[in-house]
Each structure stands twice: as C-alpha cells, then as structure tokens.
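Colleague: Coordinates in run32.tsv, TSV, C-alpha atoms, are listed below.
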chain	number	residue	atom	x	y	z
Y	1	MET	CA	-45.11	18.91	-76.75
Y	2	LEU	CA	-43.09	21.78	-75.28
Y	3	ARG	CA	-43.36	22.31	-71.55
Y	4	ALA	CA	-42.23	24.92	-69.04
Y	5	SER	CA	-41.75	24.75	-65.28
Y	6	VAL	CA	-41.89	27.66	-62.83
Y	7	ILE	CA	-40.21	27.00	-59.48
Y	8	VAL	CA	-42.20	28.31	-56.51
Y	9	PHE	CA	-40.31	29.15	-53.33
Y	10	PRO	CA	-41.95	30.29	-50.11
Y	11	GLY	CA	-42.05	34.05	-50.70
Y	12	SER	CA	-42.09	33.95	-54.52
Y	13	ASN	CA	-44.64	36.50	-55.72
Y	14	CYS	CA	-44.16	36.79	-59.50
Y	15	ASP	CA	-44.65	33.08	-60.17
Y	16	ARG	CA	-48.25	33.42	-61.39
Y	17	ASP	CA	-47.40	36.46	-63.54
Y	18	VAL	CA	-44.67	34.60	-65.35
Y	19	GLN	CA	-46.93	31.55	-65.72
Y	20	VAL	CA	-49.53	33.70	-67.51
Y	21	ALA	CA	-46.88	35.32	-69.71
Y	22	ILE	CA	-45.46	31.94	-70.78
Y	23	GLU	CA	-48.89	30.40	-71.43
Y	24	LYS	CA	-50.19	33.39	-73.39
Y	25	ILE	CA	-47.10	33.98	-75.50
Y	26	THR	CA	-45.66	30.51	-76.05
Y	27	GLY	CA	-48.65	28.29	-75.49
Y	28	PHE	CA	-46.47	25.98	-73.38
Y	29	PRO	CA	-48.33	24.28	-70.55
Y	30	VAL	CA	-46.69	25.45	-67.33
Y	31	LYS	CA	-46.06	23.28	-64.28
Y	32	MET	CA	-45.72	25.07	-60.95
Y	33	VAL	CA	-43.03	23.18	-59.03
Y	34	TRP	CA	-42.68	23.51	-55.25
Y	35	HIS	CA	-39.24	24.22	-53.78
Y	36	GLY	CA	-39.38	21.13	-51.57
Y	37	ASP	CA	-39.79	18.72	-54.49
Y	38	ALA	CA	-36.81	16.58	-55.41
Y	39	SER	CA	-37.02	16.98	-59.17
Y	40	VAL	CA	-38.35	19.19	-61.94
Y	41	PRO	CA	-40.58	17.40	-64.46
Y	42	ALA	CA	-39.07	17.15	-67.96
Y	43	SER	CA	-39.12	20.75	-69.23
Y	44	ASP	CA	-38.00	22.72	-72.24
Y	45	LEU	CA	-37.43	25.70	-70.00
Y	46	ILE	CA	-37.36	26.47	-66.28
Y	47	VAL	CA	-38.11	29.86	-64.73
Y	48	LEU	CA	-37.01	31.05	-61.30
Y	49	PRO	CA	-39.50	33.86	-60.60
Y	50	GLY	CA	-39.26	37.14	-58.73
Y	51	GLY	CA	-40.23	37.61	-55.12
Y	52	PHE	CA	-38.69	37.33	-51.70
Y	53	SER	CA	-37.81	33.65	-51.36
Y	54	TYR	CA	-37.37	32.63	-47.72
Y	55	GLY	CA	-37.98	36.26	-46.73
Y	56	ASP	CA	-34.57	37.25	-48.13
Y	57	TYR	CA	-33.02	35.75	-44.97
Y	58	LEU	CA	-29.20	35.71	-44.73
Y	59	ARG	CA	-28.73	37.04	-48.30
Y	60	CYS	CA	-31.27	37.36	-51.12
Y	61	GLY	CA	-31.53	34.01	-52.86
Y	62	ALA	CA	-29.08	32.25	-50.52
Y	63	MET	CA	-31.58	29.93	-48.84
Y	64	ALA	CA	-33.46	29.22	-52.08
Y	65	ALA	CA	-30.18	28.30	-53.78
Y	66	HIS	CA	-29.84	25.42	-51.31
Y	67	SER	CA	-33.46	24.24	-51.38
Y	68	PRO	CA	-34.08	20.62	-52.48
Y	69	ILE	CA	-35.42	21.51	-55.95
Y	70	MET	CA	-32.32	23.53	-56.82
Y	71	ARG	CA	-30.09	20.45	-56.88
Y	72	ASP	CA	-32.12	19.22	-59.85
Y	73	VAL	CA	-32.39	22.69	-61.44
Y	74	ILE	CA	-28.59	22.98	-61.32
Y	75	ALA	CA	-28.14	19.47	-62.76
Y	76	LYS	CA	-30.64	20.16	-65.56
Y	77	ALA	CA	-29.10	23.57	-66.35
Y	78	LYS	CA	-25.66	21.94	-66.59
Y	79	ALA	CA	-27.15	19.34	-68.93
Y	80	GLY	CA	-28.46	22.12	-71.20
Y	81	THR	CA	-32.01	22.89	-70.03
Y	82	PRO	CA	-32.60	26.66	-70.44
Y	83	VAL	CA	-33.17	28.53	-67.18
Y	84	LEU	CA	-34.44	32.10	-66.83
Y	85	GLY	CA	-34.02	33.87	-63.48
Y	86	ILE	CA	-35.97	37.08	-63.01
Y	87	CYS	CA	-35.15	39.47	-60.15
Y	88	ASN	CA	-35.08	37.18	-57.09
Y	89	GLY	CA	-34.56	34.35	-59.59
Y	90	PHE	CA	-31.39	36.11	-60.82
Y	91	GLN	CA	-30.22	36.35	-57.20
Y	92	VAL	CA	-30.87	32.61	-56.79
Y	93	LEU	CA	-28.89	31.83	-59.97
Y	94	CYS	CA	-25.92	33.81	-58.63
Y	95	GLU	CA	-26.10	32.25	-55.16
Y	96	SER	CA	-26.34	28.76	-56.68
Y	97	GLY	CA	-23.23	29.34	-58.78
Y	98	LEU	CA	-25.00	28.92	-62.13
Y	99	LEU	CA	-24.11	32.54	-62.89
Y	100	PRO	CA	-21.09	34.44	-61.51
Y	101	GLY	CA	-21.21	37.45	-59.18
Y	102	VAL	CA	-23.74	38.58	-56.62
Y	103	LEU	CA	-26.57	41.12	-56.28
Y	104	MET	CA	-25.87	43.53	-53.44
Y	105	ARG	CA	-27.97	46.17	-51.69
Y	106	ASN	CA	-28.80	49.09	-54.00
Y	107	ALA	CA	-26.25	51.89	-53.68
Y	108	SER	CA	-29.08	54.25	-52.67
Y	109	LEU	CA	-30.24	51.74	-50.00
Y	110	LYS	CA	-33.76	52.33	-51.34
Y	111	PHE	CA	-36.21	49.85	-52.82
Y	112	ILE	CA	-36.57	50.93	-56.46
Y	113	CYS	CA	-39.85	50.29	-58.29
Y	114	ARG	CA	-40.04	52.00	-61.67
Y	115	ASP	CA	-39.50	51.48	-65.39
Y	116	VAL	CA	-35.91	51.59	-66.64
Y	117	THR	CA	-34.44	51.68	-70.13
Y	118	LEU	CA	-32.15	48.83	-71.09
Y	119	ARG	CA	-29.88	48.08	-74.01
Y	120	VAL	CA	-29.82	44.55	-75.38
Y	121	ASP	CA	-26.10	43.76	-75.55
Y	122	ASN	CA	-26.47	40.10	-76.45
Y	123	ALA	CA	-29.32	39.18	-78.81
Y	124	LYS	CA	-28.13	35.61	-79.31
Y	125	THR	CA	-29.09	33.94	-76.03
Y	126	PHE	CA	-31.93	31.45	-75.70
Y	127	PHE	CA	-34.10	34.19	-74.17
Y	128	THR	CA	-33.10	37.23	-76.27
Y	129	ASN	CA	-32.74	36.11	-79.88
Y	130	CYS	CA	-35.96	37.88	-80.95
Y	131	TYR	CA	-34.48	41.24	-79.93
Y	132	ARG	CA	-32.05	43.19	-82.07
Y	133	LYS	CA	-28.56	43.79	-80.73
Y	134	ASP	CA	-28.39	47.31	-79.19
Y	135	GLN	CA	-32.19	47.54	-79.18
Y	136	ILE	CA	-33.42	49.81	-76.39
Y	137	VAL	CA	-36.28	48.43	-74.34
Y	138	ARG	CA	-38.32	49.58	-71.34
Y	139	LEU	CA	-38.97	47.18	-68.46
Y	140	PRO	CA	-39.85	47.68	-64.80
Y	141	VAL	CA	-37.47	46.96	-61.93
Y	142	ALA	CA	-38.67	46.33	-58.38
Y	143	HIS	CA	-35.84	45.48	-56.02
Y	144	ALA	CA	-33.73	46.55	-53.07
Y	145	GLU	CA	-30.81	44.27	-53.99
Y	146	GLY	CA	-30.03	44.65	-57.68
Y	147	ASN	CA	-26.57	46.11	-57.46
Y	148	TYR	CA	-24.57	43.61	-59.53
Y	149	PHE	CA	-21.09	42.97	-58.21
Y	150	ALA	CA	-18.24	40.75	-59.38
Y	151	ASP	CA	-14.47	41.18	-59.25
Y	152	THR	CA	-12.74	42.95	-62.14
Y	153	GLU	CA	-11.42	39.71	-63.60
Y	154	THR	CA	-14.93	38.20	-63.73
Y	155	LEU	CA	-16.41	41.39	-65.22
Y	156	ASP	CA	-13.72	41.47	-67.92
Y	157	ARG	CA	-14.36	37.81	-68.70
Y	158	LEU	CA	-18.13	38.39	-68.95
Y	159	GLU	CA	-17.59	41.34	-71.29
Y	160	GLY	CA	-14.98	39.50	-73.34
Y	161	GLU	CA	-17.30	36.54	-73.83
Y	162	GLY	CA	-20.29	38.77	-74.66
Y	163	ARG	CA	-22.16	37.52	-71.62
Y	164	VAL	CA	-23.59	40.88	-70.54
Y	165	VAL	CA	-27.13	40.54	-71.90
Y	166	PHE	CA	-28.80	43.76	-70.68
Y	167	ARG	CA	-27.35	47.05	-69.52
Y	168	TYR	CA	-29.10	50.01	-67.87
Y	169	CYS	CA	-28.89	52.89	-70.36
Y	170	ASP	CA	-30.35	56.28	-71.19
Y	171	GLU	CA	-32.81	56.97	-74.02
Y	172	ALA	CA	-29.91	57.17	-76.47
Y	173	GLY	CA	-28.59	53.76	-75.45
Y	174	GLU	CA	-25.60	55.08	-73.47
Y	175	ALA	CA	-24.79	53.19	-70.26
Y	176	THR	CA	-24.29	56.32	-68.16
Y	177	PRO	CA	-23.99	56.53	-64.34
Y	178	GLU	CA	-27.26	58.54	-64.32
Y	179	ALA	CA	-29.08	55.70	-66.09
Y	180	ASN	CA	-27.86	53.18	-63.49
Y	181	PRO	CA	-30.64	52.78	-60.90
Y	182	ASN	CA	-28.84	50.66	-58.34
Y	183	GLY	CA	-25.07	51.07	-58.62
Y	184	ALA	CA	-24.55	47.86	-60.62
Y	185	GLN	CA	-20.99	47.40	-61.88
Y	186	ARG	CA	-20.72	48.52	-65.52
Y	187	ASN	CA	-24.50	49.12	-65.58
Y	188	ILE	CA	-25.11	45.36	-65.76
Y	189	ALA	CA	-28.82	44.43	-65.57
Y	190	GLY	CA	-28.57	40.86	-66.87
Y	191	ILE	CA	-25.99	38.22	-67.77
Y	192	CYS	CA	-25.90	34.72	-69.21
Y	193	SER	CA	-24.00	31.44	-68.93
Y	194	GLU	CA	-21.26	30.49	-71.38
Y	195	ASN	CA	-23.73	28.60	-73.59
Y	196	GLY	CA	-26.34	31.42	-73.43
Y	197	ARG	CA	-29.01	29.07	-72.06
Y	198	VAL	CA	-29.03	30.34	-68.48
Y	199	VAL	CA	-30.04	34.00	-68.28
Y	200	GLY	CA	-30.55	36.14	-65.19
Y	201	LEU	CA	-31.83	39.71	-65.09
Y	202	MET	CA	-33.17	42.13	-62.49
Y	203	PRO	CA	-35.94	43.77	-64.61
Y	204	HIS	CA	-39.31	42.03	-65.00
Y	205	PRO	CA	-40.21	41.09	-68.62
Y	206	GLU	CA	-43.41	39.39	-67.39
Y	207	ARG	CA	-44.76	42.70	-66.09
Y	208	LEU	CA	-44.74	44.36	-69.53
Y	209	PHE	CA	-45.55	41.63	-72.03
Y	210	GLU	CA	-48.71	43.07	-73.62
Y	211	LEU	CA	-50.05	46.56	-74.23
Y	212	PRO	CA	-52.87	46.50	-71.63
Y	213	LEU	CA	-50.10	46.24	-69.02
Y	214	GLY	CA	-48.58	49.51	-70.27
Y	215	GLY	CA	-45.99	48.09	-72.63
Y	216	ALA	CA	-44.91	44.96	-74.45
Y	217	ASP	CA	-41.11	45.14	-74.47
Y	218	GLY	CA	-40.90	42.02	-72.29
Y	219	ARG	CA	-42.83	39.95	-74.81
Y	220	ARG	CA	-39.81	39.13	-76.97
Y	221	MET	CA	-38.08	37.32	-74.11
Y	222	PHE	CA	-40.82	34.71	-74.16
Y	223	GLU	CA	-41.03	34.73	-77.95
Y	224	SER	CA	-37.28	34.13	-77.98
Y	225	ALA	CA	-37.75	31.13	-75.70
Y	226	LEU	CA	-40.42	29.78	-78.03
Y	227	VAL	CA	-38.29	30.25	-81.15
Y	228	SER	CA	-35.22	28.78	-79.43
Y	229	ALA	CA	-37.13	25.79	-78.08
Y	230	LEU	CA	-38.48	25.01	-81.53
Y	231	GLU	CA	-34.99	24.95	-83.00
Y	232	PRO	CA	-33.14	21.65	-82.65
Y	233	MET	CA	-30.63	21.57	-79.79
Y	234	VAL	CA	-27.16	22.52	-81.00
M	1	MET	CA	-19.26	23.66	-28.56
M	2	LYS	CA	-20.30	27.09	-29.60
M	3	ALA	CA	-19.04	28.76	-32.77
M	4	ARG	CA	-18.99	32.54	-32.91
M	5	ILE	CA	-18.88	33.47	-36.59
M	6	ARG	CA	-18.19	36.91	-38.03
M	7	ILE	CA	-18.94	37.73	-41.65
M	8	THR	CA	-17.46	40.92	-43.06
M	9	LEU	CA	-17.37	42.56	-46.47
M	10	LYS	CA	-14.09	42.20	-48.34
M	11	ASN	CA	-11.87	45.23	-48.75
M	12	GLY	CA	-12.85	47.18	-51.83
M	13	VAL	CA	-16.49	46.08	-51.73
M	14	LEU	CA	-18.64	49.17	-51.29
M	15	ASP	CA	-20.75	49.16	-48.14
M	16	PRO	CA	-23.64	51.63	-48.53
M	17	GLN	CA	-25.15	50.44	-45.23
M	18	GLY	CA	-21.90	51.23	-43.43
M	19	LYS	CA	-21.92	54.67	-45.07
M	20	ALA	CA	-25.52	55.27	-43.94
M	21	ILE	CA	-24.57	54.32	-40.37
M	22	GLN	CA	-21.60	56.69	-40.54
M	23	ASN	CA	-23.87	59.51	-41.70
M	24	ALA	CA	-26.39	58.74	-38.94
M	25	LEU	CA	-23.60	58.87	-36.33
M	26	ALA	CA	-22.55	62.27	-37.66
M	27	ALA	CA	-26.18	63.42	-37.48
M	28	LEU	CA	-26.25	62.36	-33.81
M	29	GLY	CA	-23.24	64.56	-33.19
M	30	ILE	CA	-20.91	61.62	-32.58
M	31	GLY	CA	-17.75	62.85	-34.25
M	32	GLY	CA	-14.36	61.38	-35.04
M	33	VAL	CA	-15.74	58.47	-37.10
M	34	ASP	CA	-13.46	57.88	-40.08
M	35	ASP	CA	-15.23	54.86	-41.56
M	36	VAL	CA	-17.93	52.28	-40.78
M	37	ARG	CA	-18.13	48.75	-42.20
M	38	GLN	CA	-21.03	46.55	-41.14
M	39	GLY	CA	-21.31	42.78	-41.20
M	40	LYS	CA	-23.01	39.79	-39.59
M	41	TYR	CA	-22.46	37.89	-36.36
M	42	ILE	CA	-23.83	34.36	-36.07
M	43	GLU	CA	-23.71	32.01	-33.08
M	44	VAL	CA	-24.03	28.31	-33.75
M	45	GLN	CA	-24.40	25.72	-31.01
M	46	LEU	CA	-22.74	22.46	-32.06
M	47	SER	CA	-23.24	19.04	-30.51
M	48	GLU	CA	-19.66	18.18	-31.53
M	49	THR	CA	-17.11	18.18	-28.69
M	50	ASP	CA	-13.96	17.50	-30.73
M	51	GLU	CA	-12.40	20.80	-31.78
M	52	ALA	CA	-10.87	19.61	-35.05
M	53	ARG	CA	-14.16	18.10	-36.24
M	54	ALA	CA	-16.10	21.18	-35.08
M	55	LYS	CA	-13.73	23.35	-37.09
M	56	GLU	CA	-14.31	21.23	-40.17
M	57	THR	CA	-18.09	21.61	-39.79
M	58	VAL	CA	-17.93	25.38	-39.27
M	59	GLU	CA	-15.65	25.81	-42.28
M	60	ARG	CA	-18.14	23.93	-44.40
M	61	MET	CA	-21.16	25.92	-43.21
M	62	CYS	CA	-19.32	29.21	-43.82
M	63	LYS	CA	-18.20	28.20	-47.31
M	64	ASP	CA	-21.48	26.61	-48.41
M	65	LEU	CA	-24.04	29.00	-46.94
M	66	LEU	CA	-23.18	31.61	-44.33
M	67	ALA	CA	-20.71	33.70	-46.37
M	68	ASN	CA	-20.66	34.52	-50.07
M	69	SER	CA	-17.00	34.36	-51.07
M	70	VAL	CA	-17.55	36.84	-53.92
M	71	ILE	CA	-18.01	39.70	-51.47
M	72	GLU	CA	-17.49	38.39	-47.95
M	73	ASN	CA	-14.80	37.06	-45.60
M	74	TYR	CA	-15.50	35.01	-42.51
M	75	SER	CA	-13.73	34.31	-39.26
M	76	TYR	CA	-14.79	32.38	-36.20
M	77	GLU	CA	-13.80	31.15	-32.80
M	78	LEU	CA	-14.87	28.02	-30.98
M	79	ALA	CA	-15.72	27.99	-27.29
M	80	ALA	CA	-16.61	25.09	-25.03
Will you turn the file into structure tokens for me?
Modeller:
Amino acid sequence: MLRASVIVFPGSNCDRDVQVAIEKITGFPVKMVWHGDASVPASDLIVLPGGFSYGDYLRCGAMAAHSPIMRDVIAKAKAGTPVLGICNGFQVLCESGLLPGVLMRNASLKFICRDVTLRVDNAKTFFTNCYRKDQIVRLPVAHAEGNYFADTETLDRLEGEGRVVFRYCDEAGEATPEANPNGAQRNIAGICSENGRVVGLMPHPERLFELPLGGADGRRMFESALVSALEPMV
Amino acid sequence: MKARIRITLKNGVLDPQGKAIQNALAALGIGGVDDVRQGKYIEVQLSETDEARAKETVERMCKDLLANSVIENYSYELAA
C-alpha cells in the first residue's frame, strides 16, 4: 500500500490542507509526523507543508531544517524518497541543503497573498509529470520571504540541468519582471533536485486542488505523485 | 567567554530592508546617507574558557546555523 507522511513543525499551518489534498486525490493514507520524532515511517512520499515553522526565527526554515525529524528526512531524500516542500517547506528544503539557494525577504517587503500565474518549465519531475511542459497554471502564493536567490553559477547550473520547475509568468507565459511578485531571481517559483524527486515551490497547490476552492490547477501535482509512485523506481 | 557575532549580507545581495531604512531616514530629514545595509548581532555566552576551543565552537555554530553562507558573511570577537 502506498503511504504519505506530512511533517508537522511548531508553526506549520498548511499541514491539514495538504493532508486532505493527498487523501482525496491519491487515496494514500497520510501520517502526520511531529518534528521532534527521530524517524519518518516508511513512506512513498514526504511533504514539508507551508506555515511559519518555529515562528520564522533567525531565518525562515532555518530552525526547522535542524529539527530532529529532518535528519531522517534528509537521509530518506538522499536514498530516493520523494519530498515536496511547499512555501515554508521550500524554505526548509533550501536551509537543509536538499535544494540549493535561499528564499529572501520579498523585494517589496510586503506579505503577498494572491493568485499568480506560473509556467511549468519541467514536466518530468516526480511531482509535475501530469502537467504539460510550458503549461500555464494559476496557484496562490502567501509569503513574505519568497524571493529566490542563488549565485549566478548555481542559477546557470539549475537552468542548464532543467531544474527550474515553475516560473512566475504573465498570461502569455512570458517570465516578465511585472509577473514576478517577489523579486525572485529569473522569476523562479520552484526548483527540483538532480533526480527530480525533491521539489520545492513557493505557491500552494493544496489550496487550489478542486473547483469548490476556486480552481483545480494544483490537483495535477498530487496526481503526478500518484502516477510516479505507481511506476517502478528507476 | 562571550562571543559577539555579526551577520551581514554579502556584497551584491540586494537588501530591501536596508533600502527601506534608508528611505525612512530620508523621510525623517536625516540627510547625507549614501547606503544602508542591515544585519544581525548575536551574543552567545560560552562556558568554555579556552580561546582556541571557543573559536572552534563559534565557527561551527555560525557555519551550521547562525549564518546562511549563500547570502551572508559572519564575523565575531571573543571577550572574557
């Protein structure tokens, strides 16, 4: 049987939302795993949810990245377990070193809570293979620190390896400065690991996964996880 | 020993908070400010009394947690 785990940090607030999305879309039973636990139960995917882990003290995601459970999350990710980090979860992935770069304060210094349009640049990752490449989707962002930063060398490597998964874009799919809500380098909204099994993104797919919520563009992230998990490990 | 640790943004990393402070200073009529960069100051009280070992500990805490080497530099001084 396929199983998912959602890591719960003190200050996580999207953990239940993502639990519902996973259960409804994939049918996977979901274990909620406390940050102080030493290990994650055997899982076919792990989600680091959105929120304000540890009150965003020091830097967003910095304390969570060093919490006891993360040692096992990092070990499992390195052994091939797929990990999805949403919003604060993306910040935790960067702080833990599973993904390169860092999420800085928005260039506007404002907390941004609204829908954005995104272009799917990589439709081959564990969490995006049910999208089409260059598909334009609408998802909400809700963050004060979503301004993706990495040095030029790292950005060039990410682009060269096709590891930019989502980019902020306009309705036509162009990654323009106007379509960039937070000042992120090269309009980057989400990236993945070399093997495409660790994905981090600032927008919230779990907040728009069925029409009663106002949209369903996030649904395919969870469908992708289901399809990927059913395929034999490469 | 006490460690006085300063964490600053690397050159070239944009600092919108520093810019906002600069603008606020201008709004207060405090002129002649060419640039503002903000950072963090952390004091850590160590039980260690040996300076070399204290240094080792502070280096480790800066590298592993207090500073993010992607965007930040750190410096510190030790005082008895």
Colleague: Rank Y:Arg16, Y:Lys76, Y:Arg59, Y:His204 by their smallest atom-to-atom distance to Val102 (chain Y), using only C-alpha atoms, and report the top residue only.
Modeller: Y:Arg59
Colleague: Give one line per residue of chain Y that approaches chain M to at most 8 Å, naming the two atoms of the closest pair and their distance in Å to one decimal, counting all atoms listed in the file; sort by chain then ascending residue number and deliver it as a tab-separated table.
Modeller:
residue	atom	partner	partner_atom	distance
Y:Leu58	CA	M:Leu66	CA	7.3
Y:Ala62	CA	M:Leu65	CA	7.0
Y:Met63	CA	M:Leu65	CA	7.8
Y:Glu95	CA	M:Asn68	CA	7.8
Y:Gly101	CA	M:Val70	CA	6.4
Y:Val102	CA	M:Val70	CA	7.0
Y:Arg105	CA	M:Pro16	CA	7.7
Y:Asn106	CA	M:Pro16	CA	7.9
Y:Ala107	CA	M:Pro16	CA	5.8
Y:Ser108	CA	M:Pro16	CA	7.3
Y:Leu109	CA	M:Pro16	CA	6.8
Y:Ala150	CA	M:Val70	CA	6.8
Y:Asp151	CA	M:Val70	CA	7.5
Colleague: For Gly27 (chain Y), which residue among Y:Ile86, Y:Ala225, Y:Ala123, Y:Leu201 is the nearest when counting all atoms listed in the file?
Modeller: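 With all atoms listed in the file as the atom set, the closest residue is Y:Ala225.
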Colleague: Would you kindly return, as a list in words, each protein, DNA or RNA residue with an atom no farther than 9 Å from any atom of Trp34 (chain Y), considering only C-alpha atoms and excluding same-chain residues fewer than 5 positions away?
Modeller: Val6, Ile7, Val8, Phe9, Pro10 and Ile69 of chain Y
Colleague: Choose the residue, out of M:Asn73, M:Gln38, M:Asn11, M:Gln22, that has the smallest atom-to-atom separation from Glu59 (chain M); count all atoms listed in the file.
Modeller: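 Under the stated criterion, the closest residue is M:Asn73.
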Colleague: Work out how far CA of Phe222 (chain Y) is from CA of Gly97 (chain Y), in Å to one decimal.
Modeller: 24.0 Å
Colleague: Work out how far apart CA of Phe127 (chain Y) and CA of Cys14 (chain Y) are and give it in Å to one decimal.
Modeller: 18.0 Å
Colleague: Please tell me which residues are no farther than 12 Å from (-23.8, 26.5, -33.6) in the file, counting only C-alpha atoms, and write them as a PyMOL selection string.
Modeller: chain M and resi 1-5+41-49+54-55+57-59+61-62+66+76-80
Colleague: Using only C-alpha atoms for the distances, tell me which of Y:Leu84, Y:Ile191, Y:Ala142, Y:Val137 is nearest to Asn13 (chain Y).
Modeller: Y:Ala142
Colleague: In Å, with one decimal, what is the gap from CA of Leu48 (chain Y) to CA of Gly85 (chain Y)?
Modeller: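 Distance between the two atoms: 4.7 Å.
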Colleague: Using all atoms listed in the file, find the one residue out of Y:Leu98, Y:Val92, Y:Ala38, Y:Val199 that sits nearest to Arg71 (chain Y).
Modeller: Y:Ala38
Colleague: So, with only C-alpha atoms as the atoms that count, which of Y:Thr176, Y:Asn187, Y:Thr154, Y:Ser43 lies closest to Val30 (chain Y)?
Modeller: Y:Ser43
Colleague: May I have the protein, DNA and RNA residues with any atom at most 12 Å from the point (-27.2, 54.4, -72.0), counting all atoms listed in the file, written as JSON, numbers by chain?
Modeller: {"Y": [116, 117, 118, 119, 120, 121, 134, 135, 136, 137, 166, 167, 168, 169, 170, 171, 172, 173, 174, 175, 176, 177, 178, 179, 180, 181, 186, 187, 188, 189]}
